[in-house]
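The structure appears below as structure tokens.
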Amino acid sequence: MSIFKQNFEQVKIARHLLYWTAMIVPVSVVTGSLVALFLWLLELATVTRWNHLWLLFLLPLAGIFITWLYKQFGKNSDAGNNLIMDEIHRPGGGVPARLTPLILFTTIITHLFGGSAGREGTAVQMGGSISALFARWYNMHRRDKRILLMCGMAAGFGAVFGTPIAGAVFALEVLAIGRIKYDGLLPCFIASILADITCSAYGIHHTHYSIAFKGSVADTVRWLPYLSFDFLLLAKVIMAGVAFGLVGYMFAEAVHLFKNLAHKYIVNKWLIPVAGAALVVGISYALGTFNYLGLGVTNPEGVSIVNAFNPGGAHPFSWLWKLLLTAITLSTGFKGGEVTPLFFMGAALGNTLATLSGAPVDLFAGLGFIAVFAGATNTPLACTLMGVELFGANNVVYYAVACFTAYYFSGHTGIYGSQRMAVSKFHLEQYHERTIKELKQGK
């Protein structure tokens, strides 16, 4: 009887997987196709800006236009990633389909005219918007709609970075600090992989990163001959992880601070993007470089994420300038994501720390790449997996140490105000999934 019951359970599981696969395939294909279009347009906008730097002077007008678009057509779309996360936590107002064209178009405008922003937010928002649209067409009930929204987030993240495993775990981990709900694990995994395959099918190639460093027995501490591990390097990684976590904290706080200051002291809200644009352009001219605008992934001559993996590929304060310009851009109404700028900050800071400590530059740049992101988003598991997908598994212990250390030292803050607090990092105290925003307000 028990064998029959067990076999019947396997049939139910198979039916469950077939059901979700059928629901997910259209969402993943559409999301992957939109991400491919977005990445192609983003590359075109970046090249155009570098070839016509006079476009920077139109950034204030671009900011006004973005503000008008969201006031005219956005409704609640301006909340971005937080809107999708709120809908997952507590379905209610819904995620409008108009979010997809709005965020796609306004992110391209931001990059074309020189804003310092990323791309993850756009991809995740498009995935969430498309999945919400399909959920309405499917007439799903609340629980299934929640899972499909998570699948949309996973699809967007996995496709935009070419990291489908990290994308699936990110969608599950980012919702609440200290808790992962596994009911959406396999659907998110399927969605992320299918979206990544779809995006790649259009000929989209993701940036290749590599870490040549590989720990070996020769790197061990001599007075511990039976342990094939470099404990001195591990200590350096831990200290770097602390710094990465603090930078993630600084960025999250800077975005919130600048946004509050702008709305408090600038009475005419139309002037907020103008002030932000003026600061971005003015600071760039004061620094004598435009290396900190746009994505910052590649740059043949100046500082970039790719160059930070090489000795001398970043200046000591490159991470700080990118932090400042990105925080100003995103807090004054321009659109895009935070993650690629976080990659830049982390890689540049890792380059500097490696130079100061005598550690391998490429390893520390890679650790900063994923660990600052882990600290700012409170997603150490997803970021560790991202390190494996992007850089290979040879240094996975160092990835985990850096990401988990950064996670703890970033405190109870983050770039997503709608992220829930389930378990405290410092004490095993239950918060019953209150949002970070509520905790800061002392509610």
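A note on labels: chains of the structure tokens are A, B, ... as shown, every chain counts residues from 1, and ligands are counted from 1 in their shown order.
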
Distance table requested - region 244-337 of chain A against region 190-211 of chain A, cut-off 10 Å, only C-alpha atoms: one row per qualifying residue with the closest atom pair and its distance in Å to one decimal, ordered by chain and rising residue number, as a tab-separated table.
residue	atom	partner	partner_atom	distance
A:Val297	CA	A:Thr207	CA	8.0
A:Thr298	CA	A:Thr207	CA	8.7
A:Ile305	CA	A:Tyr209	CA	9.2
A:Val306	CA	A:Tyr209	CA	7.0
A:Phe309	CA	A:Ile211	CA	7.8
A:Asn310	CA	A:Ile211	CA	9.9

Keeping only all heavy atoms, write the selected residues to a file as a compact mmCIF listing (two decimals), in the first residue's frame.
# COMPACT_ATOMS: atom_id res chain seq x y z
N VAL A 297 31.27 48.58 -17.85
CA VAL A 297 31.74 47.19 -17.99
C VAL A 297 33.07 47.13 -18.72
O VAL A 297 34.02 46.49 -18.27
CB VAL A 297 30.68 46.33 -18.72
CG1 VAL A 297 31.23 44.93 -18.97
CG2 VAL A 297 29.41 46.26 -17.90
N THR A 298 33.14 47.79 -19.87
CA THR A 298 34.37 47.79 -20.66
C THR A 298 34.79 49.22 -20.98
O THR A 298 33.95 50.12 -21.09
CB THR A 298 34.20 47.01 -21.97
OG1 THR A 298 33.13 47.60 -22.74
CG2 THR A 298 33.88 45.55 -21.70
N ILE A 305 35.06 47.58 -15.26
CA ILE A 305 35.00 46.31 -14.53
C ILE A 305 36.04 45.34 -15.06
O ILE A 305 36.79 44.71 -14.30
CB ILE A 305 33.59 45.70 -14.62
CG1 ILE A 305 32.55 46.62 -13.96
CG2 ILE A 305 33.56 44.33 -13.97
CD1 ILE A 305 31.12 46.14 -14.11
N VAL A 306 36.09 45.20 -16.38
CA VAL A 306 37.03 44.26 -16.99
C VAL A 306 38.47 44.64 -16.67
O VAL A 306 39.29 43.79 -16.29
CB VAL A 306 36.82 44.19 -18.52
CG1 VAL A 306 37.92 43.37 -19.18
CG2 VAL A 306 35.44 43.60 -18.84
N PHE A 309 40.30 43.75 -13.24
CA PHE A 309 40.85 42.42 -13.00
C PHE A 309 42.36 42.37 -13.29
O PHE A 309 42.97 41.32 -13.10
CB PHE A 309 40.12 41.38 -13.84
CG PHE A 309 38.78 40.97 -13.28
CD1 PHE A 309 37.69 41.83 -13.36
CD2 PHE A 309 38.61 39.75 -12.65
CE1 PHE A 309 36.46 41.47 -12.84
CE2 PHE A 309 37.39 39.38 -12.13
CZ PHE A 309 36.30 40.24 -12.21
N ASN A 310 42.90 43.48 -13.77
CA ASN A 310 44.33 43.54 -14.09
C ASN A 310 45.04 44.51 -13.16
O ASN A 310 44.44 45.51 -12.71
CB ASN A 310 44.52 44.01 -15.55
CG ASN A 310 43.82 43.10 -16.53
OD1 ASN A 310 43.94 41.88 -16.46
ND2 ASN A 310 43.08 43.69 -17.46

Checklist entry - Quick one: residues within 7 Å of region 110-121 of chain A, only C-alpha atoms counted, chain neighbours fewer than 4 positions away excluded, as a list in words? => result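 Final neighbour list, sorted by chain and number: Ala45, Thr46, Arg49, Leu55, Leu56, Leu58, Leu59, Asn81, Thr106, Gln125, Phe157, Val160, Tyr292, Leu293, Gly294, Leu295, Leu325, Thr326, Thr329, Leu330, Phe334, Lys335, Gly336, Gly337, Glu338, Val339, Thr340 and Pro341 of chain A.
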
Item to check | DSSP-assigned helix (DSSP H, G or I) among region 42-268 of chain A, expressed as a PyMOL selection string | outcome: chain A and resi 42-51+53-79+81-89+99-112+120-138+142-161+164-173+182-201+217-219+231-265

Checklist entry - Which residues, written as a PyMOL selection string, have at least one atom at most 9 Å from region 238-250 of chain A, with only C-alpha atoms counted and residues fewer than 2 positions away on the same chain left out? => result chain A and resi 233-236+252-255+319-320+323+342+345-346+349-350+353-354+364+367-368+371-377+398+401-415

Restricting the output to N, CA and C atoms, write the selected residues as a short mmCIF file (atom, residue, chain, number, x, y, z; two decimals), in the first residue's frame.
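Written file, out19.cif:
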data_model
loop_
_atom_site.label_atom_id
_atom_site.label_comp_id
_atom_site.auth_asym_id
_atom_site.auth_seq_id
_atom_site.Cartn_x
_atom_site.Cartn_y
_atom_site.Cartn_z
N LEU A 233 45.97 34.11 3.05
CA LEU A 233 45.08 34.66 2.02
C LEU A 233 43.64 34.66 2.51
N LEU A 234 43.25 33.62 3.23
CA LEU A 234 41.89 33.58 3.78
C LEU A 234 41.64 34.76 4.72
N ALA A 235 42.63 35.08 5.54
CA ALA A 235 42.49 36.23 6.45
C ALA A 235 42.33 37.52 5.67
N LYS A 236 43.07 37.66 4.57
CA LYS A 236 42.95 38.85 3.72
C LYS A 236 41.56 38.91 3.09
N ALA A 252 23.69 51.68 -0.37
CA ALA A 252 22.25 51.64 -0.07
C ALA A 252 21.83 52.87 0.71
N GLU A 253 22.63 53.26 1.70
CA GLU A 253 22.30 54.44 2.50
C GLU A 253 22.40 55.72 1.69
N ALA A 254 23.39 55.79 0.78
CA ALA A 254 23.57 56.99 -0.04
C ALA A 254 22.37 57.22 -0.95
N VAL A 255 21.86 56.15 -1.56
CA VAL A 255 20.69 56.28 -2.44
C VAL A 255 19.49 56.80 -1.66
N TRP A 319 36.09 53.21 -6.88
CA TRP A 319 34.85 52.66 -6.33
C TRP A 319 33.99 53.76 -5.71
N LEU A 320 34.63 54.74 -5.09
CA LEU A 320 33.89 55.82 -4.43
C LEU A 320 33.21 56.72 -5.44
N LEU A 323 30.23 54.96 -6.85
CA LEU A 323 29.18 54.94 -5.83
C LEU A 323 28.45 56.28 -5.80
N LEU A 342 27.28 48.17 -8.79
CA LEU A 342 27.83 47.49 -7.62
C LEU A 342 28.98 46.57 -8.03
N MET A 345 31.94 48.93 -8.44
CA MET A 345 32.48 49.34 -7.14
C MET A 345 33.30 48.21 -6.52
N GLY A 346 32.74 47.01 -6.54
CA GLY A 346 33.40 45.88 -5.91
C GLY A 346 34.69 45.50 -6.60
N LEU A 349 37.27 48.29 -5.93
CA LEU A 349 37.74 48.22 -4.54
C LEU A 349 38.62 46.99 -4.33
N GLY A 350 38.24 45.87 -4.92
CA GLY A 350 39.05 44.66 -4.81
C GLY A 350 40.42 44.85 -5.41
N LEU A 353 42.39 46.92 -2.84
CA LEU A 353 42.74 46.15 -1.65
C LEU A 353 43.82 45.11 -1.96
N ALA A 354 43.74 44.51 -3.14
CA ALA A 354 44.75 43.53 -3.53
C ALA A 354 46.12 44.20 -3.67
N PHE A 364 40.78 39.18 -6.08
CA PHE A 364 40.11 40.16 -5.23
C PHE A 364 39.13 41.02 -6.03
N LEU A 367 36.14 38.81 -6.21
CA LEU A 367 35.46 38.76 -4.91
C LEU A 367 34.67 40.03 -4.65
N GLY A 368 35.27 41.18 -4.94
CA GLY A 368 34.55 42.44 -4.77
C GLY A 368 33.34 42.51 -5.69
N ALA A 371 30.78 40.28 -3.91
CA ALA A 371 30.53 40.48 -2.48
C ALA A 371 29.87 41.82 -2.18
N VAL A 372 30.21 42.89 -2.89
CA VAL A 372 29.52 44.16 -2.68
C VAL A 372 28.04 44.01 -3.05
N PHE A 373 27.80 43.29 -4.12
CA PHE A 373 26.42 42.98 -4.52
C PHE A 373 25.71 42.18 -3.43
N ALA A 374 26.41 41.19 -2.86
CA ALA A 374 25.81 40.39 -1.80
C ALA A 374 25.44 41.24 -0.59
N GLY A 375 26.31 42.19 -0.23
CA GLY A 375 26.04 43.05 0.91
C GLY A 375 24.90 44.01 0.67
N ALA A 376 24.83 44.57 -0.52
CA ALA A 376 23.81 45.58 -0.82
C ALA A 376 22.43 44.98 -1.02
N THR A 377 22.36 43.69 -1.42
CA THR A 377 21.07 43.06 -1.69
C THR A 377 20.71 41.98 -0.68
N TYR A 398 36.68 30.96 -1.32
CA TYR A 398 36.90 32.40 -1.15
C TYR A 398 35.65 33.19 -1.54
N VAL A 401 33.28 32.90 1.47
CA VAL A 401 33.76 33.66 2.62
C VAL A 401 33.54 35.15 2.40
N ALA A 402 33.89 35.65 1.22
CA ALA A 402 33.73 37.08 0.94
C ALA A 402 32.26 37.49 0.94
N CYS A 403 31.40 36.69 0.31
CA CYS A 403 29.99 37.05 0.21
C CYS A 403 29.29 36.99 1.56
N PHE A 404 29.57 35.96 2.34
CA PHE A 404 28.91 35.84 3.64
C PHE A 404 29.41 36.89 4.63
N THR A 405 30.70 37.20 4.55
CA THR A 405 31.23 38.26 5.41
C THR A 405 30.62 39.61 5.05
N ALA A 406 30.55 39.90 3.75
CA ALA A 406 29.95 41.16 3.30
C ALA A 406 28.48 41.23 3.70
N TYR A 407 27.79 40.11 3.60
CA TYR A 407 26.38 40.05 3.99
C TYR A 407 26.18 40.47 5.44
N TYR A 408 27.00 39.96 6.32
CA TYR A 408 26.86 40.31 7.74
C TYR A 408 27.24 41.75 8.02
N PHE A 409 28.30 42.22 7.37
CA PHE A 409 28.78 43.56 7.69
C PHE A 409 28.04 44.67 6.95
N SER A 410 27.10 44.31 6.08
CA SER A 410 26.27 45.34 5.45
C SER A 410 25.12 45.76 6.36
N GLY A 411 24.95 45.04 7.47
CA GLY A 411 23.90 45.40 8.41
C GLY A 411 22.51 45.08 7.90
N HIS A 412 21.51 45.63 8.58
CA HIS A 412 20.11 45.40 8.21
C HIS A 412 19.63 46.49 7.27
N THR A 413 20.34 46.66 6.19
CA THR A 413 19.95 47.64 5.20
C THR A 413 20.03 46.99 3.83
N GLY A 414 19.66 47.69 2.80
CA GLY A 414 19.69 47.12 1.46
C GLY A 414 19.14 48.10 0.45
N ILE A 415 19.35 47.79 -0.82
CA ILE A 415 18.89 48.70 -1.87
C ILE A 415 17.40 48.54 -2.16
#

Item to check | Nearest to Trp50 (chain A) by atom-to-atom distance, counting only C-alpha atoms, from A:Ser357, A:Asn299, A:Asn378, A:Gly158 | outcome: A:Asn299

Checklist entry - Smallest atom-to-atom distance to Ile103 (chain A): which of A:Val388, A:Leu34, A:Val47, A:Val237, using only C-alpha atoms? => result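 Among the listed residues, the smallest separation from Ile103 (chain A) belongs to A:Leu34.
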
Checklist entry - Hey, what's within 9 Å of Thr352 (chain A) if we count only C-alpha atoms and toss same-chain stuff fewer than 4 positions away? As a list in words, please? => result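 So, after excluding close chain neighbours, the residues are Ala308, Gly312, Ala314, His315, Pro316, Phe317, Ser318, Ala347, Ala348, Leu356, Ser357, Val361, Phe364 and Ala365 of chain A.
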
Checklist entry - In Å to one decimal, how far is CA of Leu381 (chain A) from CA of Leu232 (chain A)? => result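 Going from CA of Leu232 (chain A) over to CA of Leu381 (chain A) covers 24.2 Å.
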
Checklist entry - With distances taken over only C-alpha atoms, which of A:Ala278, A:Asn51, A:Leu257, A:Leu363 is nearest to Pro311 (chain A)? => result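 Ranked by minimum distance to Pro311 (chain A), first place goes to A:Leu363.
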
Checklist entry - Quick one: residues within 12 Å of Leu390 (chain A), only C-alpha atoms counted, chain neighbours fewer than 3 positions away excluded, as a list in words? => result Gly158, Phe161, Gly162, Thr163, Pro164, Ile165, Ala166, His206, Thr207, His208, Tyr209, Ser210, Ile211, Gly366, Leu367, Phe369, Ile370, Cys383, Thr384, Leu385, Met386, Gly387, Ala393, Asn394, Asn395, Val396 and Tyr399 of chain A

Please write the residues from the selection above to a file, keeping C-alpha atoms, as a tab-separated table (two decimals), in the first residue's frame.
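Written out: part_27.tsv:
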chain	number	residue	atom	x	y	z
A	158	GLY	CA	19.33	35.04	-15.30
A	161	PHE	CA	23.78	38.38	-16.76
A	162	GLY	CA	23.93	34.91	-18.29
A	163	THR	CA	23.78	33.35	-14.80
A	164	PRO	CA	20.62	31.20	-14.69
A	165	ILE	CA	21.41	29.36	-11.45
A	166	ALA	CA	22.18	32.58	-9.58
A	206	HIS	CA	27.74	38.30	-22.19
A	207	THR	CA	31.02	39.79	-21.02
A	208	HIS	CA	33.60	37.14	-20.20
A	209	TYR	CA	35.42	37.43	-16.89
A	210	SER	CA	38.23	35.17	-15.77
A	211	ILE	CA	40.30	34.64	-12.64
A	366	GLY	CA	36.20	38.98	-8.62
A	367	LEU	CA	35.46	38.76	-4.91
A	369	PHE	CA	32.42	41.99	-7.90
A	370	ILE	CA	30.10	39.52	-6.16
A	383	CYS	CA	26.18	35.82	-5.26
A	384	THR	CA	28.35	32.83	-4.35
A	385	LEU	CA	26.69	30.86	-7.15
A	386	MET	CA	27.16	33.81	-9.48
A	387	GLY	CA	30.88	33.68	-8.76
A	393	ALA	CA	34.60	26.92	-9.20
A	394	ASN	CA	38.32	26.86	-8.36
A	395	ASN	CA	38.02	29.57	-5.70
A	396	VAL	CA	34.52	28.85	-4.45
A	399	TYR	CA	33.68	33.41	-2.95

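The shortest atom-to-atom distance to Asp144 (chain A), with only C-alpha atoms taken into account, belongs to A:Ile88 out of A:Val169, A:Ile88, A:Leu83, A:Leu271.
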